[in-house]
>>> print(open('upload_18.csv').read())   # CSV, C-alpha atoms and all ligand atoms
chain,number,residue,atom,x,y,z
A,1,MET,CA,2.7,8.9,15.2
A,2,GLN,CA,4.6,10.5,12.3
A,3,MET,CA,2.7,11.8,9.3
A,4,THR,CA,4.1,11.2,5.9
A,5,PHE,CA,3.1,11.7,2.3
A,6,ARG,CA,3.7,9.5,-0.8
A,7,TRP,CA,5.9,11.1,-3.4
A,8,TYR,CA,6.9,9.6,-6.8
A,9,GLY,CA,10.1,11.6,-7.3
A,10,VAL,CA,11.4,14.4,-9.5
A,11,GLY,CA,10.1,14.1,-13.0
A,12,ASN,CA,7.7,11.4,-12.0
A,13,ASP,CA,5.3,13.4,-9.8
A,14,SER,CA,3.4,16.6,-10.5
A,15,ILE,CA,3.8,17.5,-6.8
A,16,THR,CA,6.9,19.1,-5.4
A,17,LEU,CA,8.7,18.5,-2.1
A,18,LYS,CA,8.2,22.1,-1.3
A,19,GLN,CA,4.4,21.7,-1.5
A,20,ILE,CA,4.6,18.6,0.6
A,21,ARG,CA,6.7,20.4,3.2
A,22,GLN,CA,3.9,23.0,3.5
A,23,ILE,CA,1.2,20.5,4.6
A,24,PRO,CA,1.0,21.0,8.4
A,25,GLY,CA,2.4,18.1,10.3
A,26,VAL,CA,4.0,16.1,7.4
A,27,LYS,CA,7.5,15.1,8.4
A,28,GLY,CA,8.6,12.8,5.6
A,29,VAL,CA,7.9,11.3,2.2
A,30,VAL,CA,7.1,7.7,1.3
A,31,TRP,CA,9.2,7.0,-1.7
A,32,ALA,CA,10.7,4.4,-4.1
A,33,LEU,CA,13.1,4.1,-7.0
A,34,HIS,CA,10.4,3.6,-9.6
A,35,ASP,CA,12.8,3.2,-12.5
A,36,VAL,CA,14.7,0.2,-11.1
A,37,PRO,CA,13.2,-3.0,-12.6
A,38,VAL,CA,11.7,-5.5,-10.1
A,39,GLY,CA,14.3,-8.0,-8.9
A,40,GLU,CA,17.3,-5.7,-9.4
A,41,VAL,CA,19.4,-4.2,-6.5
A,42,TRP,CA,18.7,-0.5,-5.8
A,43,PRO,CA,22.0,1.2,-6.3
A,44,ALA,CA,23.3,3.2,-3.4
A,45,GLU,CA,24.0,6.3,-5.6
A,46,LYS,CA,20.4,6.5,-6.7
A,47,ILE,CA,19.2,6.1,-3.2
A,48,GLU,CA,21.5,8.8,-2.0
A,49,GLU,CA,20.3,11.2,-4.7
A,50,VAL,CA,16.6,10.9,-3.6
A,51,VAL,CA,17.6,11.1,0.1
A,52,ASN,CA,19.6,14.2,-0.4
A,53,GLN,CA,17.0,16.0,-2.5
A,54,THR,CA,14.4,15.2,0.1
A,55,ASN,CA,16.4,16.0,3.2
A,56,GLU,CA,17.4,19.3,1.7
A,57,CYS,CA,13.7,20.2,1.7
A,58,GLY,CA,13.4,19.4,5.4
A,59,LEU,CA,11.6,16.1,4.9
A,60,ASN,CA,12.8,12.6,5.9
A,61,THR,CA,13.0,9.4,3.8
A,62,GLU,CA,12.5,6.8,6.5
A,63,VAL,CA,9.7,4.9,4.7
A,64,VAL,CA,10.0,3.2,1.3
A,65,GLU,CA,7.0,2.0,-0.6
A,66,SER,CA,7.6,-0.4,-2.3
A,67,VAL,CA,10.5,-2.6,-2.9
A,68,ASN,CA,8.5,-4.9,-5.2
A,69,ILE,CA,8.8,-8.7,-5.1
A,70,HIS,CA,9.8,-10.5,-8.2
A,71,GLU,CA,7.0,-12.8,-9.5
A,72,ASP,CA,9.5,-15.8,-9.3
A,73,ILE,CA,9.6,-15.4,-5.5
A,74,LYS,CA,5.8,-15.4,-5.3
A,75,LEU,CA,5.6,-18.4,-7.5
A,76,GLY,CA,8.4,-20.2,-5.6
A,77,LEU,CA,10.4,-20.9,-8.7
A,78,PRO,CA,14.0,-22.2,-8.4
A,79,THR,CA,15.2,-18.8,-9.6
A,80,ARG,CA,13.8,-17.1,-6.6
A,81,ASP,CA,17.0,-17.3,-4.6
A,82,LYS,CA,18.9,-14.9,-6.8
A,83,TYR,CA,16.1,-12.4,-6.5
A,84,ILE,CA,16.0,-12.8,-2.7
A,85,GLU,CA,19.7,-12.2,-2.5
A,86,ALA,CA,19.2,-9.0,-4.6
A,87,TYR,CA,16.4,-7.9,-2.2
A,88,LYS,CA,18.8,-8.3,0.8
A,89,GLU,CA,21.4,-6.1,-0.9
A,90,THR,CA,18.7,-3.5,-1.5
A,91,LEU,CA,17.8,-3.6,2.2
A,92,LYS,CA,21.5,-3.2,3.1
A,93,ASN,CA,21.8,-0.2,0.8
A,94,LEU,CA,18.6,1.4,2.1
A,95,SER,CA,19.7,1.0,5.7
A,96,GLN,CA,22.9,3.0,5.0
A,97,PHE,CA,20.6,6.0,4.4
A,98,GLY,CA,18.4,5.6,7.5
A,99,VAL,CA,15.4,3.8,6.0
A,100,LYS,CA,13.3,2.2,8.8
A,101,VAL,CA,10.3,0.7,7.1
A,102,VAL,CA,10.0,-1.1,3.8
A,103,CYS,CA,6.4,-1.6,2.5
A,104,TYR,CA,5.8,-4.4,0.0
A,105,ASN,CA,3.0,-6.7,-1.2
A,106,PHE,CA,2.6,-10.3,-2.1
A,107,MET,CA,-0.3,-10.0,-4.5
A,108,PRO,CA,0.0,-12.3,-7.6
A,109,VAL,CA,0.1,-10.5,-10.9
A,110,PHE,CA,-1.7,-7.3,-9.9
A,111,ASP,CA,-1.1,-4.7,-7.3
A,112,TRP,CA,-4.2,-2.7,-6.4
A,113,PHE,CA,-7.0,-3.0,-8.9
A,114,ARG,CA,-9.9,-0.7,-9.9
A,115,THR,CA,-12.3,-0.6,-12.9
A,116,ASP,CA,-12.5,3.2,-13.1
A,117,LEU,CA,-9.8,5.7,-12.2
A,118,PHE,CA,-11.9,8.8,-12.7
A,119,LYS,CA,-15.5,8.0,-11.7
A,120,GLU,CA,-17.5,11.2,-11.4
A,121,THR,CA,-19.1,11.8,-8.0
A,122,GLU,CA,-22.0,13.9,-6.8
A,123,ASP,CA,-19.9,17.0,-6.0
A,124,GLY,CA,-18.1,17.0,-9.4
A,125,SER,CA,-14.9,15.5,-8.2
A,126,THR,CA,-13.7,12.1,-9.5
A,127,ALA,CA,-12.5,9.1,-7.6
A,128,LEU,CA,-11.2,5.5,-8.0
A,129,PHE,CA,-14.0,3.0,-8.3
A,130,PHE,CA,-14.3,-0.8,-8.1
A,131,ASP,CA,-17.2,-2.3,-10.0
A,132,ALA,CA,-17.6,-5.7,-8.4
A,133,LYS,CA,-20.0,-7.0,-11.0
A,134,LYS,CA,-17.7,-6.2,-13.8
A,135,VAL,CA,-14.7,-7.8,-12.2
A,136,LEU,CA,-16.2,-10.8,-10.6
A,137,ALA,CA,-17.8,-11.9,-13.9
A,138,LEU,CA,-14.4,-12.1,-15.6
A,139,THR,CA,-12.2,-15.2,-15.9
A,140,PRO,CA,-8.4,-15.0,-16.4
A,141,GLU,CA,-8.9,-15.9,-20.0
A,142,GLN,CA,-11.3,-13.0,-20.5
A,143,VAL,CA,-8.9,-10.6,-18.8
A,144,VAL,CA,-6.1,-11.5,-21.1
A,145,LYS,CA,-8.4,-11.3,-24.1
A,146,ASN,CA,-9.8,-8.0,-22.9
A,147,MET,CA,-6.2,-6.7,-22.5
A,148,GLU,CA,-5.2,-7.7,-25.9
A,149,GLU,CA,-8.3,-6.5,-27.7
A,150,ASN,CA,-9.2,-3.3,-25.9
A,151,ALA,CA,-6.7,-2.2,-23.3
A,152,LYS,CA,-8.4,1.1,-23.0
A,153,ASP,CA,-11.7,-0.4,-22.1
A,154,PHE,CA,-10.3,-1.9,-18.9
A,155,THR,CA,-8.1,0.2,-16.7
A,156,LEU,CA,-5.3,-1.6,-14.9
A,157,PRO,CA,-3.7,0.7,-12.4
A,158,GLY,CA,-0.9,-0.5,-10.2
A,159,TRP,CA,0.5,-2.8,-12.8
A,160,GLU,CA,4.2,-2.9,-13.6
A,161,PRO,CA,4.7,-2.8,-17.4
A,162,GLU,CA,6.9,-5.8,-17.4
A,163,ARG,CA,4.1,-7.9,-15.9
A,164,LEU,CA,1.7,-6.9,-18.7
A,165,LYS,CA,4.0,-8.2,-21.4
A,166,ASP,CA,3.8,-11.8,-20.1
A,167,LEU,CA,0.2,-11.7,-18.8
A,168,LYS,CA,-0.8,-15.0,-20.3
A,169,LEU,CA,2.2,-16.8,-19.1
A,170,VAL,CA,1.9,-15.4,-15.6
A,171,PHE,CA,-1.7,-16.4,-15.3
A,172,SER,CA,-0.9,-19.9,-16.4
A,173,GLN,CA,1.9,-20.1,-13.9
A,174,TYR,CA,-0.5,-19.3,-11.1
A,175,LYS,CA,-3.0,-21.9,-12.2
A,176,ASP,CA,-1.9,-24.5,-9.7
A,177,VAL,CA,-0.8,-22.2,-7.0
A,178,SER,CA,-3.1,-22.4,-4.0
A,179,GLU,CA,-3.3,-20.0,-1.1
A,180,ALA,CA,-1.3,-22.5,1.0
A,181,ASP,CA,1.4,-22.5,-1.7
A,182,LEU,CA,1.5,-18.7,-1.8
A,183,LEU,CA,1.8,-18.5,2.0
A,184,GLU,CA,4.6,-21.1,1.9
A,185,ASN,CA,6.4,-18.9,-0.7
A,186,LEU,CA,5.9,-15.8,1.4
A,187,THR,CA,7.2,-17.6,4.5
A,188,TYR,CA,10.3,-18.8,2.6
A,189,PHE,CA,10.9,-15.2,1.6
A,190,LEU,CA,10.4,-13.8,5.1
A,191,LYS,CA,12.7,-16.4,6.7
A,192,GLU,CA,15.5,-15.3,4.4
A,193,ILE,CA,14.8,-11.6,4.6
A,194,CYS,CA,13.9,-10.9,8.2
A,195,PRO,CA,17.3,-11.7,9.8
A,196,VAL,CA,18.9,-9.3,7.3
A,197,ALA,CA,16.2,-6.7,7.9
A,198,GLU,CA,16.7,-7.0,11.7
A,199,GLN,CA,20.4,-6.4,11.3
A,200,CYS,CA,19.6,-3.4,9.2
A,201,GLY,CA,17.1,-2.0,11.6
A,202,ILE,CA,14.4,-2.2,9.0
A,203,LYS,CA,10.8,-3.3,9.5
A,204,MET,CA,9.2,-5.1,6.6
A,205,ALA,CA,5.5,-4.2,6.3
A,206,ILE,CA,3.4,-6.2,4.0
A,207,HIS,CA,0.5,-4.4,2.3
A,208,PRO,CA,-2.9,-6.1,2.4
A,209,ASP,CA,-4.6,-7.4,-0.8
A,210,ASP,CA,-6.5,-4.7,-2.6
A,211,PRO,CA,-9.4,-5.6,-3.0
A,212,PRO,CA,-9.2,-8.1,-0.1
A,213,PHE,CA,-10.7,-11.0,-2.0
A,214,SER,CA,-9.6,-13.2,-4.8
A,215,ILE,CA,-10.0,-11.7,-8.3
A,216,PHE,CA,-9.7,-13.6,-11.6
A,217,GLY,CA,-9.2,-16.9,-9.6
A,218,LEU,CA,-5.8,-15.8,-8.3
A,219,PRO,CA,-4.8,-16.7,-4.7
A,220,ARG,CA,-4.8,-13.9,-2.1
A,221,ILE,CA,-3.3,-14.3,1.4
A,222,VAL,CA,-3.6,-10.9,3.2
A,223,LYS,CA,-7.4,-10.4,3.1
A,224,ASN,CA,-8.5,-10.4,6.8
A,225,LYS,CA,-7.6,-10.7,10.4
A,226,GLU,CA,-7.0,-14.5,10.2
A,227,ASP,CA,-4.7,-14.1,7.2
A,228,ILE,CA,-2.7,-11.4,9.0
A,229,ALA,CA,-2.3,-13.5,12.2
A,230,ARG,CA,-1.2,-16.4,10.1
A,231,LEU,CA,1.5,-14.5,8.3
A,232,LEU,CA,2.8,-12.7,11.3
A,233,ASN,CA,3.0,-16.0,13.2
A,234,ALA,CA,4.7,-17.7,10.3
A,235,VAL,CA,7.9,-15.9,11.0
A,236,ASP,CA,8.2,-14.5,14.5
A,237,SER,CA,10.5,-11.5,14.0
A,238,PRO,CA,10.1,-7.8,14.9
A,239,SER,CA,10.9,-7.1,11.3
A,240,ASN,CA,7.9,-9.1,10.0
A,241,GLY,CA,5.2,-6.4,10.1
A,242,LEU,CA,2.0,-5.2,8.5
A,243,THR,CA,1.1,-2.0,6.6
A,244,PHE,CA,-2.4,-1.4,8.0
A,245,CYS,CA,-4.4,-0.1,5.0
A,246,SER,CA,-7.9,0.8,6.0
A,247,GLY,CA,-9.0,1.3,2.4
A,248,SER,CA,-7.7,-2.1,1.2
A,249,LEU,CA,-9.0,-4.2,4.1
A,250,GLY,CA,-12.1,-2.0,4.2
A,251,GLY,CA,-13.0,-3.1,0.7
A,252,ASN,CA,-14.7,-6.1,2.5
A,253,PRO,CA,-17.4,-4.8,4.8
A,254,ASN,CA,-16.9,-7.9,7.0
A,255,ASN,CA,-13.5,-6.8,8.1
A,256,ASP,CA,-13.6,-5.2,11.5
A,257,LEU,CA,-10.9,-2.6,11.0
A,258,VAL,CA,-10.8,-1.3,14.6
A,259,ASP,CA,-10.4,-4.8,15.9
A,260,ILE,CA,-7.5,-5.4,13.4
A,261,VAL,CA,-5.7,-2.3,14.7
A,262,LYS,CA,-6.4,-3.3,18.3
A,263,THR,CA,-5.0,-6.7,17.8
A,264,PHE,CA,-1.9,-5.9,15.8
A,265,THR,CA,-0.7,-2.4,16.7
A,266,ASP,CA,2.7,-3.6,17.9
A,267,ARG,CA,3.3,-5.3,14.5
A,268,ILE,CA,2.2,-2.3,12.5
A,269,PRO,CA,5.1,0.1,11.6
A,270,PHE,CA,3.1,1.9,8.9
A,271,ALA,CA,-0.5,2.8,8.2
A,272,HIS,CA,-2.4,4.0,5.1
A,273,ILE,CA,-5.6,5.6,6.2
A,274,ARG,CA,-8.5,6.4,3.8
A,275,ASN,CA,-12.2,5.9,3.5
A,276,VAL,CA,-14.3,4.0,1.0
A,277,LYS,CA,-18.1,3.9,0.4
A,278,HIS,CA,-19.6,0.5,0.0
A,279,PHE,CA,-22.5,-0.3,-2.4
A,280,GLU,CA,-24.9,-3.2,-1.9
A,281,ASP,CA,-23.5,-5.2,-4.9
A,282,GLY,CA,-20.0,-5.3,-3.4
A,283,SER,CA,-18.7,-2.3,-5.4
A,284,PHE,CA,-17.0,0.5,-3.7
A,285,ILE,CA,-15.8,4.1,-4.4
A,286,GLU,CA,-13.0,5.9,-2.7
A,287,SER,CA,-14.6,8.8,-0.8
A,288,SER,CA,-13.0,11.7,1.1
A,289,HIS,CA,-11.2,10.7,4.3
A,290,ARG,CA,-14.1,12.1,6.4
A,291,VAL,CA,-16.2,9.5,8.3
A,292,GLU,CA,-19.5,10.9,7.2
A,293,ASP,CA,-18.6,10.6,3.5
A,294,GLY,CA,-17.8,6.9,3.5
A,295,SER,CA,-18.4,3.6,5.2
A,296,LEU,CA,-15.3,3.2,7.4
A,297,PRO,CA,-14.8,4.3,11.0
A,298,ILE,CA,-11.8,6.5,10.2
A,299,THR,CA,-11.8,8.5,13.5
A,300,GLU,CA,-12.2,5.4,15.6
A,301,ILE,CA,-9.3,3.8,13.8
A,302,VAL,CA,-7.1,6.9,14.6
A,303,ASN,CA,-8.3,6.8,18.2
A,304,THR,CA,-7.4,3.1,18.5
A,305,PHE,CA,-3.9,3.8,17.2
A,306,TYR,CA,-3.6,6.6,19.7
A,307,GLU,CA,-4.9,4.5,22.6
A,308,ASN,CA,-2.5,1.7,21.8
A,309,GLY,CA,0.5,4.0,21.8
A,310,PHE,CA,1.2,3.7,18.0
A,311,ASP,CA,4.6,5.3,17.2
A,312,GLY,CA,4.9,4.3,13.6
A,313,TYR,CA,4.3,6.2,10.3
A,314,ILE,CA,0.9,7.1,8.8
A,315,ARG,CA,0.1,8.5,5.4
A,316,PRO,CA,-3.2,9.7,4.0
A,317,ASP,CA,-4.0,7.3,1.2
A,318,HIS,CA,-5.6,7.8,-2.2
A,319,GLY,CA,-7.5,11.0,-2.5
A,320,ARG,CA,-10.2,12.1,-4.9
A,321,HIS,CA,-9.3,14.4,-7.8
A,322,ILE,CA,-10.6,17.9,-6.8
A,323,TRP,CA,-10.3,21.5,-7.7
A,324,ASP,CA,-9.5,20.5,-11.3
A,325,GLU,CA,-6.2,19.0,-10.4
A,326,VAL,CA,-4.4,17.0,-13.0
A,327,CYS,CA,-2.5,14.3,-11.3
A,328,ARG,CA,-1.8,10.6,-10.9
A,329,PRO,CA,-5.0,8.6,-10.2
A,330,GLY,CA,-5.5,8.8,-6.5
A,331,TYR,CA,-2.3,10.7,-5.8
A,332,GLY,CA,-3.1,14.4,-6.2
A,333,LEU,CA,-2.0,17.0,-3.7
A,334,TYR,CA,-5.2,18.6,-2.6
A,335,ASP,CA,-7.5,15.8,-1.4
A,336,ARG,CA,-4.6,13.9,0.2
A,337,ALA,CA,-3.5,17.1,2.0
A,338,LEU,CA,-7.0,17.5,3.3
A,339,GLY,CA,-6.9,13.8,4.4
A,340,ALA,CA,-3.6,14.4,6.2
A,341,MET,CA,-5.2,17.4,8.1
A,342,TYR,CA,-8.3,15.3,9.0
A,343,LEU,CA,-6.1,12.5,10.4
A,344,ILE,CA,-3.9,14.9,12.3
A,345,GLY,CA,-7.0,16.6,13.7
A,346,ALA,CA,-8.4,13.3,15.0
A,347,TRP,CA,-5.0,12.5,16.5
A,348,ASP,CA,-4.6,16.0,18.1
A,349,THR,CA,-8.0,15.7,19.7
A,350,ASN,CA,-6.8,12.6,21.5
A,351,VAL,CA,-3.6,14.4,22.6
A,352,LEU,CA,-5.7,17.2,24.0
A,353,LEU,CA,-8.2,15.0,25.8
A,354,LYS,CA,-5.3,13.1,27.4
A,355,LYS,CA,-3.7,16.3,28.6
A,356,LYS,CA,-7.0,17.5,30.1
A,357,GLU,CA,-7.5,14.1,31.8
A,358,SER,CA,-4.0,14.3,33.4
A,359,VAL,CA,-4.6,17.9,34.5
A,360,GLY,CA,-7.9,16.8,35.9
A,361,ALA,CA,-6.3,14.0,37.8
A,362,LEU,CA,-3.9,16.3,39.6
A,401,LIG,C1,-1.9,1.8,-3.8
A,401,LIG,C2,-0.9,1.4,-2.9
A,401,LIG,C3,-0.3,0.1,-3.3
A,401,LIG,C4,0.9,-0.2,-2.4
A,401,LIG,C5,1.5,-1.6,-2.7
A,401,LIG,C6,2.5,-1.9,-1.7
A,401,LIG,O1,-2.1,3.0,-4.0
A,401,LIG,O2,-1.3,1.4,-1.6
A,401,LIG,O3,0.1,0.1,-4.6
A,401,LIG,O4,1.9,0.7,-2.7
A,401,LIG,O5,0.6,-2.6,-2.8
A,401,LIG,O6,3.4,-2.8,-2.1
>>> encode(input="upload_18.csv", output="structure tokens")
Amino acid sequence: MQMTFRWYGVGNDSITLKQIRQIPGVKGVVWALHDVPVGEVWPAEKIEEVVNQTNECGLNTEVVESVNIHEDIKLGLPTRDKYIEAYKETLKNLSQFGVKVVCYNFMPVFDWFRTDLFKETEDGSTALFFDAKKVLALTPEQVVKNMEENAKDFTLPGWEPERLKDLKLVFSQYKDVSEADLLENLTYFLKEICPVAEQCGIKMAIHPDDPPFSIFGLPRIVKNKEDIARLLNAVDSPSNGLTFCSGSLGGNPNNDLVDIVKTFTDRIPFAHIRNVKHFEDGSFIESSHRVEDGSLPITEIVNTFYENGFDGYIRPDHGRHIWDEVCRPGYGLYDRALGAMYLIGAWDTNVLLKKKESVGAL
């Protein structure tokens, strides 16, 4: 296991590489070129700049999150081929600089979605919150109206600005796209991309849907164990992998996270681990990483990764906003650093027990 930490880049993140370097056990950053528009090739010079800056601080740049997928690819439009070709070029450029894993998602229109970015919690910290009643009651038409009339009223994190401009159009384009269609479009993409990724020594790692159920009537195809099995089987390549995200999959209490790790460890090159606390009405809040604070079996997940010989990358995922930190929603330094330490502690306990066991066996 290699511990990593997401970093948004110089001028785009309040956190410095030096600070990240000082979190015990963190070996690399998870990064992206956030200023390159979706669908364009990531220029080698820009990649080199980030890689050099990061390596100079003693951290590696082996995991990229995300090279985003152009909406035309998800929709299966005739224009998709040009964007797929651009994606291949980006992979080739990244491989020149030692990138090993590329995380991406295939969620229509939105990336992750919450109704509240700074929901106050009992201890005075704030955290990301998903109000199920609020979201499930809305139709696509209402979302568009809401956006137009009162964008402030409804927070939409994880959206790329260019998607927002054409929201109405994009929603209408998805009207007749079923889950089966979306899976077919993903399969088409992976069949094109995986051979190139294999040549480049890169593992593609799809991120689950967050939350892991349909919102606003849009199709979702990475929601649970069955979906994951289906997409991994659709293209049988070592480069067709999964980003295991406990917090995303864990948004549905019916997902058995330990079973998902057990079943797919060898197809998981990258894991996001965080906790969420469920409420009876289907809402959830992002709690600290600690088992007792949320509803997810975080330590059991780490143990299962250990037992299955996981040798990929892990990062703590969203954190709460604590100690008055001013930061990107979910991506502050303090709570994520605590999360990293919690995960490393759980991992190291396994290492120690294993050592004791083998000494005992002598
Ligand atoms: C949220 C993240 C996601 C993730 C993308 C991957 O914080 O986990 O935005 O980066 O879905 O493409």
>>> residues_near_ligand(input="upload_18.csv", ligand="ligand LIG 401 (chain A)", cutoff="8 Å", atoms="only C-alpha atoms and all ligand atoms", output="PDB file with C-alpha atoms, in the coordinates of the input")
ATOM      1  CA  GLU A  65       7.000   2.000  -0.600  1.00  0.00           C
ATOM      2  CA  SER A  66       7.600  -0.400  -2.300  1.00  0.00           C
ATOM      3  CA  VAL A  67      10.500  -2.600  -2.900  1.00  0.00           C
ATOM      4  CA  ASN A  68       8.500  -4.900  -5.200  1.00  0.00           C
ATOM      5  CA  CYS A 103       6.400  -1.600   2.500  1.00  0.00           C
ATOM      6  CA  TYR A 104       5.800  -4.400   0.000  1.00  0.00           C
ATOM      7  CA  ASN A 105       3.000  -6.700  -1.200  1.00  0.00           C
ATOM      8  CA  PHE A 106       2.600 -10.300  -2.100  1.00  0.00           C
ATOM      9  CA  MET A 107      -0.300 -10.000  -4.500  1.00  0.00           C
ATOM     10  CA  ASP A 111      -1.100  -4.700  -7.300  1.00  0.00           C
ATOM     11  CA  TRP A 112      -4.200  -2.700  -6.400  1.00  0.00           C
ATOM     12  CA  GLY A 158      -0.900  -0.500 -10.200  1.00  0.00           C
ATOM     13  CA  ILE A 206       3.400  -6.200   4.000  1.00  0.00           C
ATOM     14  CA  HIS A 207       0.500  -4.400   2.300  1.00  0.00           C
ATOM     15  CA  PRO A 208      -2.900  -6.100   2.400  1.00  0.00           C
ATOM     16  CA  ASP A 209      -4.600  -7.400  -0.800  1.00  0.00           C
ATOM     17  CA  ASP A 210      -6.500  -4.700  -2.600  1.00  0.00           C
ATOM     18  CA  CYS A 245      -4.400  -0.100   5.000  1.00  0.00           C
ATOM     19  CA  SER A 248      -7.700  -2.100   1.200  1.00  0.00           C
ATOM     20  CA  HIS A 272      -2.400   4.000   5.100  1.00  0.00           C
ATOM     21  CA  ASP A 317      -4.000   7.300   1.200  1.00  0.00           C
ATOM     22  CA  HIS A 318      -5.600   7.800  -2.200  1.00  0.00           C
ATOM     23  CA  GLY A 330      -5.500   8.800  -6.500  1.00  0.00           C
ATOM     24  CA  TYR A 331      -2.300  10.700  -5.800  1.00  0.00           C
TER      25      TYR A 331
END
>>> closest_residue(input="upload_18.csv", among="A:Glu300, A:Glu71, A:Asp35, A:Glu89", to="Val109 of chain A", atoms="only C-alpha atoms")
A:Glu71
>>> closest_residue(input="upload_18.csv", among="A:Gly309, A:Gly217, A:Gly251, A:Pro297", to="Phe284 of chain A", atoms="only C-alpha atoms")
A:Gly251
>>> closest_residue(input="upload_18.csv", among="A:Phe310, A:Tyr188, A:Lys262, A:Pro329", to="Leu231 of chain A", atoms="all atoms listed in the file")
A:Tyr188
>>> closest_residue(input="upload_18.csv", among="A:Asn52, A:Asn60, A:Thr187, A:Asn308", to="Lys100 of chain A", atoms="all atoms listed in the file")
A:Asn60
>>> residues_around(input="upload_18.csv", residues="Tyr83 of chain A", least_positions_apart="5", cutoff="8 Å", atoms="only C-alpha atoms", output="ChimeraX atom specification")
/A:39-40,70,72-73
>>> closest_residue(input="upload_18.csv", among="A:Leu94, A:Ile215, A:Val261, A:Val102", to="Ala229 of chain A", atoms="all atoms listed in the file")
A:Val261
>>> closest_residue(input="upload_18.csv", among="A:Gln22, A:Asn93, A:Ser288, A:Thr61", to="Gly247 of chain A", atoms="all atoms listed in the file")
A:Ser288
>>> residues_around(input="upload_18.csv", residues="Ile314 of chain A", least_positions_apart="6", cutoff="8 Å", atoms="all atoms listed in the file", output="ChimeraX atom specification")
/A:1-4,270-273
>>> write_last_selection(input="upload_18.csv", atoms="C-alpha atoms", output="PDB file, in the frame of the given file")
ATOM      1  CA  MET A   1       2.700   8.900  15.200  1.00  0.00           C
ATOM      2  CA  GLN A   2       4.600  10.500  12.300  1.00  0.00           C
ATOM      3  CA  MET A   3       2.700  11.800   9.300  1.00  0.00           C
ATOM      4  CA  THR A   4       4.100  11.200   5.900  1.00  0.00           C
ATOM      5  CA  PHE A 270       3.100   1.900   8.900  1.00  0.00           C
ATOM      6  CA  ALA A 271      -0.500   2.800   8.200  1.00  0.00           C
ATOM      7  CA  HIS A 272      -2.400   4.000   5.100  1.00  0.00           C
ATOM      8  CA  ILE A 273      -5.600   5.600   6.200  1.00  0.00           C
TER       9      ILE A 273
END
>>> residues_near_point(input="upload_18.csv", point="(12.4, -3.6, 9.2)", cutoff="6 Å", atoms="all atoms listed in the file", output="PDB file with C-alpha atoms, in the coordinates of the input")
ATOM      1  CA  LYS A 100      13.300   2.200   8.800  1.00  0.00           C
ATOM      2  CA  VAL A 101      10.300   0.700   7.100  1.00  0.00           C
ATOM      3  CA  ALA A 197      16.200  -6.700   7.900  1.00  0.00           C
ATOM      4  CA  GLY A 201      17.100  -2.000  11.600  1.00  0.00           C
ATOM      5  CA  ILE A 202      14.400  -2.200   9.000  1.00  0.00           C
ATOM      6  CA  LYS A 203      10.800  -3.300   9.500  1.00  0.00           C
ATOM      7  CA  MET A 204       9.200  -5.100   6.600  1.00  0.00           C
ATOM      8  CA  SER A 239      10.900  -7.100  11.300  1.00  0.00           C
TER       9      SER A 239
END
>>> residues_around(input="upload_18.csv", residues="Glu179 of chain A", least_positions_apart="5", cutoff="8 Å", atoms="only C-alpha atoms", output="ChimeraX atom specification")
/A:219-221
>>> residues_near_point(input="upload_18.csv", point="(-6.8, 14.2, 19.3)", cutoff="12 Å", atoms="only C-alpha atoms", output="PyMOL selection string")
chain A and resi 1+299-300+302-307+341-356
>>> atom_distance(input="upload_18.csv", atom1="atom CA of Glu198 of chain A", atom2="atom CA of Val38 of chain A")
22.4 Å
>>> atom_distance(input="upload_18.csv", atom1="atom CA of Leu59 of chain A", atom2="atom CA of Gln96 of chain A")
17.3 Å
>>> residues_around(input="upload_18.csv", residues="Lys119 of chain A", least_positions_apart="3", cutoff="7 Å", atoms="all atoms listed in the file", output="MDAnalysis selection string")
chainID A and resid 116 126:129
>>> atom_distance(input="upload_18.csv", atom1="atom CA of Val64 of chain A", atom2="atom CA of Val30 of chain A")
5.4 Å
